[in-house]
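**Student:** The structure file input.cif (mmCIF, C-alpha atoms and all ligand atoms) is provided below.
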```
data_run
loop_
_atom_site.label_atom_id
_atom_site.label_comp_id
_atom_site.auth_asym_id
_atom_site.auth_seq_id
_atom_site.Cartn_x
_atom_site.Cartn_y
_atom_site.Cartn_z
CA MET A 25 -11.41 7.96 0.41
CA ALA A 26 -13.84 5.61 2.10
CA ASP A 27 -15.34 8.81 3.37
CA ALA A 28 -16.21 10.14 -0.02
CA GLU A 29 -17.29 6.88 -1.59
CA ALA A 30 -19.49 5.77 1.25
CA ALA A 31 -21.40 8.91 1.61
CA LYS A 32 -22.90 10.07 -1.61
CA PRO A 33 -26.01 12.13 -0.72
CA LYS A 34 -29.28 10.30 -1.07
CA SER A 35 -31.50 11.53 -3.88
CA GLY A 36 -33.64 14.47 -2.93
CA GLY A 37 -31.48 15.21 0.10
CA ALA A 38 -29.91 18.45 -1.14
CA ARG A 39 -28.82 19.71 2.25
CA GLN A 40 -26.54 22.59 3.07
CA CYS A 41 -23.01 22.00 4.25
CA SER A 42 -23.05 21.77 8.03
CA VAL A 43 -19.62 23.45 8.23
CA CYS A 44 -19.92 26.56 6.04
CA ASN A 45 -23.73 26.67 5.91
CA GLN A 46 -23.44 28.08 2.41
CA LYS A 47 -22.76 25.46 -0.22
CA ARG A 48 -24.68 22.30 -0.96
CA ALA A 49 -23.47 19.21 0.90
CA ALA A 50 -21.68 16.82 -1.43
CA LEU A 51 -21.23 13.90 0.97
CA LYS A 52 -21.89 12.62 4.45
CA ARG A 53 -18.74 11.68 6.31
CA PRO A 54 -18.99 8.29 8.02
CA LYS A 55 -16.42 9.49 10.53
CA THR A 56 -18.39 12.48 11.80
CA LEU A 57 -21.77 11.89 10.15
CA GLN A 58 -21.56 15.52 8.95
CA GLN A 59 -23.15 16.53 5.66
CA ILE A 60 -20.37 18.52 4.11
CA CYS A 61 -19.57 20.36 0.86
CA ARG A 62 -16.62 19.52 -1.35
CA ASP A 63 -14.44 22.47 -0.30
CA CYS A 64 -15.05 21.96 3.42
CA PHE A 65 -14.28 18.24 2.99
CA TYR A 66 -10.94 19.06 1.32
CA SER A 67 -10.03 21.53 4.11
CA ALA A 68 -11.03 19.08 6.85
CA PHE A 69 -9.14 16.23 5.16
CA GLU A 70 -5.96 18.28 4.71
CA GLU A 71 -6.14 19.56 8.29
CA GLU A 72 -6.57 16.00 9.59
CA VAL A 73 -3.58 14.78 7.59
CA HIS A 74 -1.53 17.66 8.98
CA ASN A 75 -2.61 16.78 12.54
CA VAL A 76 -1.64 13.13 12.01
CA ILE A 77 1.79 14.17 10.65
CA VAL A 78 2.46 16.53 13.54
CA GLY A 79 0.86 14.35 16.22
CA ASN A 80 2.91 11.32 15.22
CA GLN A 81 6.07 13.31 14.46
CA LEU A 82 6.24 11.54 11.12
CA PHE A 83 8.90 13.81 9.63
CA LYS A 84 11.84 15.90 10.73
CA ARG A 85 12.87 19.16 9.10
CA GLY A 86 15.41 18.60 6.34
CA GLU A 87 14.44 14.97 5.73
CA ARG A 88 14.33 13.52 2.22
CA ILE A 89 11.02 11.75 1.61
CA ALA A 90 10.12 9.54 -1.35
CA ILE A 91 6.44 9.29 -2.25
CA GLY A 92 5.54 5.94 -3.81
CA ALA A 93 3.75 7.19 -6.93
CA SER A 94 1.78 4.60 -8.86
CA GLY A 95 -0.36 7.07 -10.77
CA GLY A 96 -3.44 5.71 -8.95
CA LYS A 97 -5.82 7.79 -6.88
CA ASP A 98 -4.32 7.12 -3.45
CA SER A 99 -0.75 8.04 -4.30
CA THR A 100 -1.88 11.00 -6.39
CA VAL A 101 -3.76 12.34 -3.35
CA LEU A 102 -0.71 11.57 -1.21
CA ALA A 103 1.62 13.46 -3.56
CA TYR A 104 -0.74 16.43 -3.66
CA VAL A 105 -1.38 16.59 0.08
CA LEU A 106 2.26 16.14 1.11
CA SER A 107 3.57 18.76 -1.29
CA GLU A 108 0.75 21.15 -0.31
CA LEU A 109 1.22 20.70 3.45
CA ASN A 110 5.01 20.89 3.13
CA ARG A 111 4.58 24.27 1.49
CA ARG A 112 1.71 25.53 3.66
CA HIS A 113 3.21 24.53 7.03
CA ASN A 114 6.83 24.84 6.02
CA TYR A 115 7.83 21.30 7.10
CA GLY A 116 11.16 21.76 5.33
CA LEU A 117 11.01 18.38 3.56
CA ASP A 118 12.73 17.40 0.32
CA LEU A 119 10.07 15.45 -1.55
CA PHE A 120 10.59 13.03 -4.45
CA LEU A 121 8.23 10.94 -6.53
CA LEU A 122 9.29 7.31 -6.85
CA SER A 123 7.61 5.02 -9.37
CA VAL A 124 8.04 1.33 -10.02
CA ASP A 125 7.48 0.25 -13.60
CA GLU A 126 6.53 -3.40 -13.37
CA GLY A 127 6.44 -3.73 -17.14
CA ILE A 128 2.73 -4.37 -17.53
CA THR A 129 1.76 -3.21 -20.99
CA GLY A 130 -1.46 -1.24 -21.13
CA TYR A 131 -1.51 -0.66 -17.38
CA ARG A 132 1.58 0.79 -15.79
CA ASP A 133 2.68 2.61 -18.92
CA ASP A 134 -0.63 4.52 -18.76
CA SER A 135 -0.43 5.29 -15.06
CA LEU A 136 3.19 6.40 -15.39
CA GLU A 137 1.89 9.16 -17.65
CA THR A 138 -0.20 10.37 -14.70
CA VAL A 139 2.94 10.37 -12.57
CA GLN A 140 4.73 12.43 -15.23
CA ARG A 141 1.90 14.96 -14.95
CA ASN A 142 2.15 14.95 -11.13
CA LYS A 143 5.84 15.68 -11.47
CA ILE A 144 5.05 18.86 -13.39
CA GLN A 145 1.97 19.83 -11.36
CA TYR A 146 3.67 19.57 -7.97
CA GLY A 147 7.18 20.42 -9.16
CA LEU A 148 8.69 17.26 -7.65
CA PRO A 149 11.65 15.28 -9.04
CA LEU A 150 10.69 11.82 -10.31
CA LYS A 151 12.67 8.58 -10.23
CA VAL A 152 11.37 5.53 -12.08
CA VAL A 153 12.81 2.08 -11.35
CA SER A 154 11.77 -0.90 -13.44
CA TYR A 155 11.53 -4.63 -12.80
CA LYS A 156 13.47 -5.12 -16.01
CA GLU A 157 16.46 -3.15 -14.78
CA LEU A 158 16.30 -4.53 -11.22
CA TYR A 159 15.44 -8.17 -11.88
CA GLY A 160 15.94 -8.68 -15.60
CA TRP A 161 12.25 -9.55 -16.08
CA THR A 162 9.13 -7.53 -16.83
CA MET A 163 5.80 -8.65 -15.37
CA ASP A 164 4.60 -9.38 -18.91
CA GLU A 165 7.54 -11.79 -19.33
CA ILE A 166 6.89 -13.36 -15.94
CA VAL A 167 3.21 -13.87 -16.79
CA LYS A 168 4.24 -15.50 -20.06
CA MET A 169 6.34 -17.98 -18.12
CA ILE A 170 4.18 -18.67 -15.08
CA GLY A 171 0.68 -17.92 -16.38
CA LEU A 172 -1.96 -15.90 -14.61
CA LYS A 173 -2.31 -18.03 -11.52
CA ASN A 174 0.60 -17.21 -9.23
CA ASN A 175 2.01 -14.12 -10.84
CA CYS A 176 0.69 -11.76 -8.13
CA THR A 177 3.18 -13.26 -5.72
CA PHE A 178 5.99 -12.08 -8.03
CA CYS A 179 4.38 -8.72 -8.61
CA GLY A 180 3.85 -8.00 -4.92
CA VAL A 181 7.20 -9.23 -3.63
CA PHE A 182 9.19 -7.53 -6.39
CA ARG A 183 7.27 -4.26 -6.03
CA ARG A 184 7.88 -3.93 -2.35
CA GLN A 185 11.58 -4.55 -2.79
CA ALA A 186 11.76 -2.30 -5.85
CA LEU A 187 10.29 0.57 -3.82
CA ASP A 188 12.89 0.02 -1.11
CA ARG A 189 15.68 -0.17 -3.66
CA GLY A 190 14.48 2.98 -5.40
CA ALA A 191 14.29 4.72 -2.03
CA ALA A 192 17.89 3.68 -1.34
CA MET A 193 18.99 5.05 -4.75
CA LEU A 194 17.33 8.38 -3.93
CA GLN A 195 19.01 8.29 -0.51
CA VAL A 196 15.80 9.22 1.20
CA ASP A 197 15.10 8.97 4.92
CA LYS A 198 11.55 7.71 4.53
CA LEU A 199 9.17 6.27 1.96
CA ALA A 200 5.51 7.37 2.06
CA THR A 201 2.86 5.17 0.43
CA GLY A 202 -0.88 5.77 0.02
CA HIS A 203 -3.47 3.47 1.59
CA ASN A 204 -7.12 4.32 1.88
CA ALA A 205 -9.37 3.23 4.75
CA ASP A 206 -11.03 0.49 2.67
CA ASP A 207 -7.65 -1.08 1.85
CA VAL A 208 -6.49 -1.02 5.47
CA ALA A 209 -9.78 -2.51 6.72
CA GLU A 210 -9.51 -5.28 4.09
CA THR A 211 -5.98 -6.00 5.21
CA VAL A 212 -6.98 -6.23 8.88
CA LEU A 213 -9.77 -8.63 7.96
CA LEU A 214 -7.55 -10.71 5.67
CA ASN A 215 -4.92 -11.08 8.35
CA ILE A 216 -7.59 -12.22 10.82
CA LEU A 217 -8.99 -14.72 8.28
CA ARG A 218 -5.50 -16.10 7.63
CA GLY A 219 -4.53 -16.12 11.29
CA ASP A 220 -1.50 -14.05 10.35
CA ILE A 221 -0.80 -12.58 13.75
CA ALA A 222 2.53 -11.04 12.76
CA ARG A 223 1.01 -8.98 9.96
CA LEU A 224 -2.16 -8.23 11.91
CA SER A 225 -0.09 -6.58 14.60
CA ARG A 226 1.71 -4.36 12.09
CA CYS A 227 -0.75 -3.64 9.32
CA THR A 228 -2.30 -0.57 10.91
CA SER A 229 0.97 0.99 12.04
CA ILE A 230 1.45 4.47 10.70
CA VAL A 231 5.19 3.90 10.39
CA THR A 232 6.59 0.47 9.59
CA GLY A 233 10.12 -0.65 9.09
CA GLU A 234 9.22 -2.81 6.19
CA ASP A 235 5.78 -4.20 6.79
CA GLY A 236 2.34 -2.73 6.44
CA PRO A 237 -0.94 -2.88 4.62
CA ILE A 238 -1.05 -5.43 1.83
CA PRO A 239 -2.24 -3.74 -1.31
CA ARG A 240 -4.08 -5.53 -4.04
CA CYS A 241 -2.55 -6.64 -7.32
CA ILE A 242 -4.22 -5.84 -10.59
CA TYR A 243 -3.64 -9.25 -12.16
CA SER A 244 -6.03 -10.97 -9.78
CA PRO A 245 -9.41 -9.32 -9.53
CA ASN A 246 -11.09 -12.36 -8.00
CA ALA A 247 -8.52 -13.18 -5.37
CA TYR A 248 -9.32 -13.70 -1.69
CA ARG A 249 -8.93 -9.97 -1.07
CA GLY A 250 -11.82 -9.38 -3.46
CA PHE A 251 -14.14 -11.36 -1.17
CA ALA A 252 -12.94 -9.44 1.87
CA ARG A 253 -13.62 -6.21 -0.05
CA GLU A 254 -17.17 -7.27 -0.95
CA PHE A 255 -17.84 -8.24 2.64
CA ILE A 256 -16.57 -4.90 3.93
CA LYS A 257 -18.63 -3.00 1.37
CA ASP A 258 -21.74 -4.94 2.49
CA LEU A 259 -21.01 -4.02 6.09
CA GLU A 260 -20.46 -0.42 5.10
CA ARG A 261 -23.85 -0.26 3.40
CA ILE A 262 -25.51 -1.25 6.66
CA ARG A 263 -23.22 0.84 8.85
CA PRO A 264 -20.83 3.34 7.20
CA ARG A 265 -18.55 3.50 10.25
CA ALA A 266 -17.79 -0.23 9.96
CA ILE A 267 -14.65 0.41 7.94
CA LEU A 268 -13.16 2.79 10.48
CA ASP A 269 -14.15 0.43 13.31
CA ILE A 270 -12.39 -2.52 11.68
CA ILE A 271 -9.24 -0.38 11.44
CA LYS A 272 -9.65 0.61 15.09
CA SER A 273 -9.86 -3.07 16.06
CA GLY A 274 -6.63 -3.68 14.15
CA GLU A 275 -4.95 -0.74 15.86
CA ASN A 276 -5.95 -1.98 19.29
CA PHE A 277 -4.82 -5.54 18.64
CA ARG A 278 -2.00 -6.70 20.94
CA ILE A 279 0.03 -9.92 20.77
CA SER A 280 0.40 -11.85 23.99
CA ALA A 281 3.97 -11.98 25.26
CA SER A 282 4.02 -15.79 24.93
CA THR A 283 3.38 -15.78 21.14
CA LYS A 284 6.49 -16.64 19.14
CA MET A 285 7.20 -14.07 16.45
CA PRO A 286 9.46 -14.43 13.39
CA GLU A 287 12.98 -13.08 13.71
CA GLN A 288 14.11 -10.64 11.06
CA GLY A 289 17.55 -11.02 9.57
CA THR A 290 19.04 -10.27 6.18
CA CYS A 291 19.07 -12.22 2.94
CA GLU A 292 22.38 -14.05 2.47
CA ARG A 293 22.24 -13.29 -1.22
CA CYS A 294 21.22 -9.64 -1.61
CA GLY A 295 21.28 -8.29 1.93
CA TYR A 296 17.60 -7.34 1.88
CA ILE A 297 15.58 -7.81 5.07
CA SER A 298 14.40 -11.40 5.44
CA SER A 299 13.36 -13.88 8.10
CA GLN A 300 14.77 -16.68 5.94
CA LYS A 301 18.16 -17.57 4.46
CA TRP A 302 17.16 -15.97 1.15
CA CYS A 303 14.56 -13.22 0.82
CA LYS A 304 11.40 -14.02 -1.08
CA ALA A 305 12.45 -11.92 -4.08
CA CYS A 306 15.75 -13.87 -4.45
CA VAL A 307 13.93 -17.20 -4.18
CA LEU A 308 11.40 -16.16 -6.82
CA LEU A 309 14.10 -14.75 -9.08
CA GLU A 310 16.19 -17.89 -8.80
CA GLY A 311 13.16 -19.92 -9.81
CA LEU A 312 12.56 -17.72 -12.85
CA ASN A 313 16.19 -17.81 -13.92
CA GLN A 314 16.34 -21.60 -13.55
CA GLY A 315 13.17 -22.00 -15.58
CA LEU A 316 11.42 -23.30 -12.44
CA PRO A 317 9.13 -20.37 -11.67
CA LYS A 318 7.11 -22.26 -9.04
CA LEU A 319 10.17 -22.74 -6.87
CA GLY A 320 9.34 -19.94 -4.46
CA ILE A 321 5.59 -20.49 -4.44
CA GLY A 322 4.02 -22.79 -1.91
CA ARG A 323 4.70 -23.74 1.64
CA THR A 324 7.07 -26.61 1.54
CA ARG A 325 9.21 -26.36 -1.53
CA GLY A 326 11.96 -23.90 -2.30
CA LEU A 327 15.41 -22.81 -1.39
CA ASN A 328 14.74 -22.03 2.24
CA ASN A 329 13.74 -25.56 3.14
CA ASP A 330 16.41 -25.95 5.72
CA HIS A 331 14.88 -23.13 7.73
CA LYS A 332 11.94 -23.49 10.02
CA MET A 333 8.66 -22.00 8.80
CA ASP A 334 7.43 -19.00 10.70
CA ALA A 335 4.40 -16.77 10.65
CA THR A 336 5.80 -14.59 7.89
CA GLN A 337 6.73 -17.46 5.67
CA THR A 338 3.46 -19.26 6.15
CA SER A 339 1.81 -16.38 4.38
CA GLY A 340 4.30 -16.72 1.56
CA SER A 341 1.90 -19.20 0.05
CA LYS A 342 -0.95 -16.80 0.33
CA PRO A 343 -3.27 -16.28 -2.59
CA CYS A 344 -2.53 -13.79 -5.33
CA GLY A 345 -3.02 -10.13 -4.82
CA THR A 346 -1.00 -9.45 -1.71
CA LEU A 347 1.86 -7.07 -1.38
CA ASP A 348 3.69 -6.29 1.82
CA PHE A 349 5.05 -2.95 2.77
N1 LIG B 1 4.15 0.87 -9.14
C1 LIG B 1 4.24 1.62 -8.07
N2 LIG B 1 5.14 2.64 -8.02
C2 LIG B 1 5.25 3.40 -6.92
N3 LIG B 1 4.51 3.26 -5.82
C3 LIG B 1 3.60 2.28 -5.81
C4 LIG B 1 3.41 1.41 -6.92
N4 LIG B 1 2.43 0.55 -6.62
C5 LIG B 1 2.02 0.86 -5.38
N5 LIG B 1 2.70 1.91 -4.88
C6 LIG B 1 2.54 2.57 -3.57
O1 LIG B 1 1.79 1.71 -2.71
C7 LIG B 1 0.52 2.32 -2.39
C8 LIG B 1 -0.56 1.26 -2.31
O2 LIG B 1 -0.56 0.53 -3.52
P1 LIG B 1 -1.82 -0.28 -4.07
O3 LIG B 1 -1.31 -1.23 -5.05
O4 LIG B 1 -2.65 -0.72 -2.94
O5 LIG B 1 -2.57 0.77 -4.90
P2 LIG B 1 -3.87 1.57 -4.63
O6 LIG B 1 -4.50 1.35 -3.29
O7 LIG B 1 -4.69 1.39 -5.84
O8 LIG B 1 -3.15 2.97 -4.60
P3 LIG B 1 -3.06 3.91 -5.82
O9 LIG B 1 -4.47 4.39 -5.95
O10 LIG B 1 -2.09 4.97 -5.39
O11 LIG B 1 -2.54 3.08 -6.97
C9 LIG B 1 0.29 3.34 -3.48
O12 LIG B 1 -0.55 4.40 -3.07
C10 LIG B 1 1.72 3.84 -3.74
O13 LIG B 1 2.11 4.77 -2.75
#
```
In structure tokens, what does this structure look like?
**Tutor:**
Amino acid sequence: MADAEAAKPKSGGARQCSVCNQKRAALKRPKTLQQICRDCFYSAFEEEVHNVIVGNQLFKRGERIAIGASGGKDSTVLAYVLSELNRRHNYGLDLFLLSVDEGITGYRDDSLETVQRNKIQYGLPLKVVSYKELYGWTMDEIVKMIGLKNNCTFCGVFRRQALDRGAAMLQVDKLATGHNADDVAETVLLNILRGDIARLSRCTSIVTGEDGPIPRCIYSPNAYRGFAREFIKDLERIRPRAILDIIKSGENFRISASTKMPEQGTCERCGYISSQKWCKACVLLEGLNQGLPKLGIGRTRGLNNDHKMDATQTSGSKPCGTLDF
């Protein structure tokens, strides 16, 4: 996606596609610097995704795969490309669309309509799980209680767990989520800026147990991530490959053996993966239910006080707009 956005042809530069030599080039790919037409870009993109899937042995024949479907552009592309490649190359996968309804009036209800269309277009079964059914709260209700300032923490933590819970209900083997190059580069940069070594080492992994790129949250357009995004876009204007190079730096990052990393366990309350006594979602939920919504926000207060802080938890007090996969 960074490809397409970064490389709109300059005015007057109506060149021919350097692949088919027939149609007009629609974009210049930062990755290859090729001027390429729309159709050739689609073919190249789909072929590259196929090569990544095969090269990394992402799936096994017969596996059940949930596609995190938000109705946004990335997951819509993901749903299209996975269903298309599954059919074209006969991967033998059972694909499902999985949507989380956070209960944000005027936002998710609209995008869920897109997902309903994807369901019909690609002929994939759809499962929708909602914050209301899982946690007893919609995001609108949470915002009413906590205000706009810290609500992204709730949104991000709950969404990640809701996707995992939905995946468990569907009894899938894997969950696929969509992340474009810009988002991954932002995440690498953010983790460097925060000194979050644990996340930095995982955020470019193609397969993660439970961690990965930290997507943005719609309630916080001016959060720290926004500044990282602006910075990356400025770099991209000067040098379009900058985004891919930042990702490459993240991929090549290695932690020294002497660095202490957080230990993963399970939440004593709900059994979800956690490096603390209670997982972040349970701490936040407890705060909401007790009428103390700030309980799980911040570094020092909360229900996990008796446990030592670690790299993961330190980022628990991170600014709005982060979501861990
Ligand atoms: N509400 C949701 N329901 C299901 N999957 C989701 C939801 N929100 C995010 N995801 C998954 O996480 C990925 C990254 O989410 P993020 O919030 O960064 O959105 P994004 O980069 O705008 O992607 P998209 O364009 O697909 O919304 C999405 O592509 C999707 O696979």
**Student:** What's the 8 Å shell around segment 273-284 of chain A, counting all atoms listed in the file, without same-chain residues fewer than 3 positions away, as a list in words?
**Tutor:**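 Within the cut-off, the hits are Val212, Ile221, Leu224, Ser225, Cys227, Thr228, Ser229, Asp269 and Ile270 of chain A.
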**Student:** Find the smallest box with edges along x, y and z containing every listed atom of ligand LIG 1 (chain B), then add 3 Å on each side and report centre and edge lengths in Å to one decimal, as lines of an AutoDock Vina configuration file.
**Tutor:**
```
center_x = 0.3
center_y = 1.9
center_z = -5.7
size_x = 15.9
size_y = 12.2
size_z = 12.8
```
**Student:** For ligand LIG 1 (chain B), which of A:Ala50, A:Leu122, A:Val78, A:Leu109 is the closest residue, counting all atoms listed in the file?
**Tutor:** A:Leu122
**Student:** May I ask which of the residues A:Val208, A:Ala266, A:Leu214, A:Leu309 is the closest one to Tyr159 of chain A, counting all atoms listed in the file?
**Tutor:**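 Closest residue, counting all atoms listed in the file: A:Leu309.
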**Student:** Quick check, in Å to one decimal: how far apart do atom CA of Gln314 of chain A and atom CA of Met169 of chain A lie?
**Tutor:**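 For atom CA of Gln314 of chain A relative to atom CA of Met169 of chain A, the distance reads 11.6 Å.
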**Student:** Using only C-alpha atoms and all ligand atoms, which of A:Arg53, A:His203, A:His113, A:Arg39 sits nearest ligand LIG 1 (chain B)?
**Tutor:** A:His203
**Student:** Pick out the residues no farther than 7 Å from ligand LIG 1 (chain B), counting all atoms listed in the file, and list them as a PDB file with C-alpha atoms, in the frame of the given file.
**Tutor:**
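The resulting file, pocket23.pdb, is shown below:
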```pdb
ATOM      1  CA  ILE A  91       6.440   9.290  -2.250  1.00  0.00           C
ATOM      2  CA  GLY A  92       5.540   5.940  -3.810  1.00  0.00           C
ATOM      3  CA  ALA A  93       3.750   7.190  -6.930  1.00  0.00           C
ATOM      4  CA  SER A  94       1.780   4.600  -8.860  1.00  0.00           C
ATOM      5  CA  GLY A  95      -0.360   7.070 -10.770  1.00  0.00           C
ATOM      6  CA  GLY A  96      -3.440   5.710  -8.950  1.00  0.00           C
ATOM      7  CA  LYS A  97      -5.820   7.790  -6.880  1.00  0.00           C
ATOM      8  CA  ASP A  98      -4.320   7.120  -3.450  1.00  0.00           C
ATOM      9  CA  SER A  99      -0.750   8.040  -4.300  1.00  0.00           C
ATOM     10  CA  THR A 100      -1.880  11.000  -6.390  1.00  0.00           C
ATOM     11  CA  LEU A 122       9.290   7.310  -6.850  1.00  0.00           C
ATOM     12  CA  SER A 123       7.610   5.020  -9.370  1.00  0.00           C
ATOM     13  CA  VAL A 124       8.040   1.330 -10.020  1.00  0.00           C
ATOM     14  CA  ASP A 125       7.480   0.250 -13.600  1.00  0.00           C
ATOM     15  CA  GLU A 126       6.530  -3.400 -13.370  1.00  0.00           C
ATOM     16  CA  ARG A 183       7.270  -4.260  -6.030  1.00  0.00           C
ATOM     17  CA  LEU A 187      10.290   0.570  -3.820  1.00  0.00           C
ATOM     18  CA  ALA A 200       5.510   7.370   2.060  1.00  0.00           C
ATOM     19  CA  THR A 201       2.860   5.170   0.430  1.00  0.00           C
ATOM     20  CA  GLY A 202      -0.880   5.770   0.020  1.00  0.00           C
ATOM     21  CA  HIS A 203      -3.470   3.470   1.590  1.00  0.00           C
ATOM     22  CA  ASN A 204      -7.120   4.320   1.880  1.00  0.00           C
ATOM     23  CA  ASP A 207      -7.650  -1.080   1.850  1.00  0.00           C
ATOM     24  CA  ILE A 238      -1.050  -5.430   1.830  1.00  0.00           C
ATOM     25  CA  PRO A 239      -2.240  -3.740  -1.310  1.00  0.00           C
ATOM     26  CA  ARG A 240      -4.080  -5.530  -4.040  1.00  0.00           C
ATOM     27  CA  CYS A 241      -2.550  -6.640  -7.320  1.00  0.00           C
TER      28      CYS A 241
END
```
**Student:** Looking at A:Ile128, A:Asn174, A:Leu217, A:Lys156, which one is nearest to Gly320 of chain A, with distances taken over only C-alpha atoms?
**Tutor:**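 Of the candidates, the smallest distance to Gly320 of chain A is held by A:Asn174.
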**Student:** Ranking A:Pro54, A:Gly147, A:Gly116, A:Pro286 by minimum distance to Asp220 of chain A and counting only C-alpha atoms, which one comes first?
**Tutor:**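 Comparing A:Pro54, A:Gly147, A:Gly116, A:Pro286 against Asp220 of chain A, the winner is A:Pro286.
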**Student:** Which is closest to Asn142 of chain A among A:Thr129, A:Gln195, A:Tyr104, A:Asn175, if we use only C-alpha atoms?
**Tutor:** A:Tyr104
**Student:** Hey, can you check how far atom CA of Ile267 of chain A sits from atom CA of Ala222 of chain A?
**Tutor:**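 These atoms are spaced 21.2 Å apart.
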**Student:** Can you work out the spacing between atom CA of Val196 of chain A and atom CA of Leu136 of chain A in Å, to one decimal?
**Tutor:** 21.0 Å
**Student:** Hey, what's within 9 Å of Gln46 of chain A if we count all atoms listed in the file and toss same-chain stuff fewer than 5 positions away? As a list in words, please?
**Tutor:**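 With the cut-off at 9 Å, the set is Gln40, Cys41 and Cys61 of chain A.
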**Student:** Excluding same-chain residues fewer than 3 positions from Gln145 of chain A, what lies within 12 Å of it counting all atoms listed in the file, as a list in words?
**Tutor:**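 Listed by chain and then number, they are Thr100, Ala103, Tyr104, Ser107, Glu108, Leu121, Thr138, Val139, Gln140, Arg141, Asn142, Leu148, Pro149 and Leu150 of chain A.
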**Student:** Skip Arg48 of chain A itself and residues of its chain fewer than 5 positions away, then list as a CSV table (one decimal) with C-alpha atoms, in the frame of the given file all residues within 12 Å of it, counting only C-alpha atoms.
**Tutor:**
```csv
chain,number,residue,atom,x,y,z
A,33,PRO,CA,-26.0,12.1,-0.7
A,37,GLY,CA,-31.5,15.2,0.1
A,38,ALA,CA,-29.9,18.4,-1.1
A,39,ARG,CA,-28.8,19.7,2.2
A,40,GLN,CA,-26.5,22.6,3.1
A,41,CYS,CA,-23.0,22.0,4.2
A,42,SER,CA,-23.0,21.8,8.0
A,43,VAL,CA,-19.6,23.4,8.2
A,59,GLN,CA,-23.2,16.5,5.7
A,60,ILE,CA,-20.4,18.5,4.1
A,61,CYS,CA,-19.6,20.4,0.9
A,62,ARG,CA,-16.6,19.5,-1.4
A,63,ASP,CA,-14.4,22.5,-0.3
A,64,CYS,CA,-15.0,22.0,3.4
A,65,PHE,CA,-14.3,18.2,3.0
```
**Student:** Have segment 92-103 of chain A completed to N, CA and C atoms, please, and pass it along as a PDB file, in the frame of the given file.
**Tutor:**
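Final output, saved to part_14.pdb:
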```pdb
ATOM      1  N   GLY A  92       5.807   7.032  -2.862  1.00  0.00           N
ATOM      2  CA  GLY A  92       5.540   5.940  -3.810  1.00  0.00           C
ATOM      3  C   GLY A  92       4.419   6.380  -4.731  1.00  0.00           C
ATOM      4  N   ALA A  93       4.728   6.614  -6.001  1.00  0.00           N
ATOM      5  CA  ALA A  93       3.750   7.190  -6.930  1.00  0.00           C
ATOM      6  C   ALA A  93       3.393   6.186  -8.010  1.00  0.00           C
ATOM      7  N   SER A  94       2.203   5.605  -7.886  1.00  0.00           N
ATOM      8  CA  SER A  94       1.780   4.600  -8.860  1.00  0.00           C
ATOM      9  C   SER A  94       0.962   5.219  -9.982  1.00  0.00           C
ATOM     10  N   GLY A  95       0.541   6.451  -9.787  1.00  0.00           N
ATOM     11  CA  GLY A  95      -0.360   7.070 -10.770  1.00  0.00           C
ATOM     12  C   GLY A  95      -1.815   6.796 -10.435  1.00  0.00           C
ATOM     13  N   GLY A  96      -2.063   5.996  -9.396  1.00  0.00           N
ATOM     14  CA  GLY A  96      -3.440   5.710  -8.950  1.00  0.00           C
ATOM     15  C   GLY A  96      -3.945   6.829  -8.040  1.00  0.00           C
ATOM     16  N   LYS A  97      -5.198   6.689  -7.620  1.00  0.00           N
ATOM     17  CA  LYS A  97      -5.820   7.790  -6.880  1.00  0.00           C
ATOM     18  C   LYS A  97      -5.167   8.018  -5.505  1.00  0.00           C
ATOM     19  N   ASP A  98      -4.838   6.939  -4.811  1.00  0.00           N
ATOM     20  CA  ASP A  98      -4.320   7.120  -3.450  1.00  0.00           C
ATOM     21  C   ASP A  98      -2.975   7.845  -3.454  1.00  0.00           C
ATOM     22  N   SER A  99      -2.071   7.395  -4.317  1.00  0.00           N
ATOM     23  CA  SER A  99      -0.750   8.040  -4.300  1.00  0.00           C
ATOM     24  C   SER A  99      -0.791   9.415  -4.945  1.00  0.00           C
ATOM     25  N   THR A 100      -1.762   9.651  -5.821  1.00  0.00           N
ATOM     26  CA  THR A 100      -1.880  11.000  -6.390  1.00  0.00           C
ATOM     27  C   THR A 100      -2.344  11.967  -5.295  1.00  0.00           C
ATOM     28  N   VAL A 101      -3.318  11.510  -4.486  1.00  0.00           N
ATOM     29  CA  VAL A 101      -3.760  12.340  -3.350  1.00  0.00           C
ATOM     30  C   VAL A 101      -2.586  12.556  -2.389  1.00  0.00           C
ATOM     31  N   LEU A 102      -1.864  11.475  -2.132  1.00  0.00           N
ATOM     32  CA  LEU A 102      -0.710  11.570  -1.210  1.00  0.00           C
ATOM     33  C   LEU A 102       0.306  12.594  -1.710  1.00  0.00           C
ATOM     34  N   ALA A 103       0.631  12.526  -3.004  1.00  0.00           N
ATOM     35  CA  ALA A 103       1.620  13.460  -3.560  1.00  0.00           C
ATOM     36  C   ALA A 103       1.113  14.895  -3.453  1.00  0.00           C
TER      37      ALA A 103
END
```
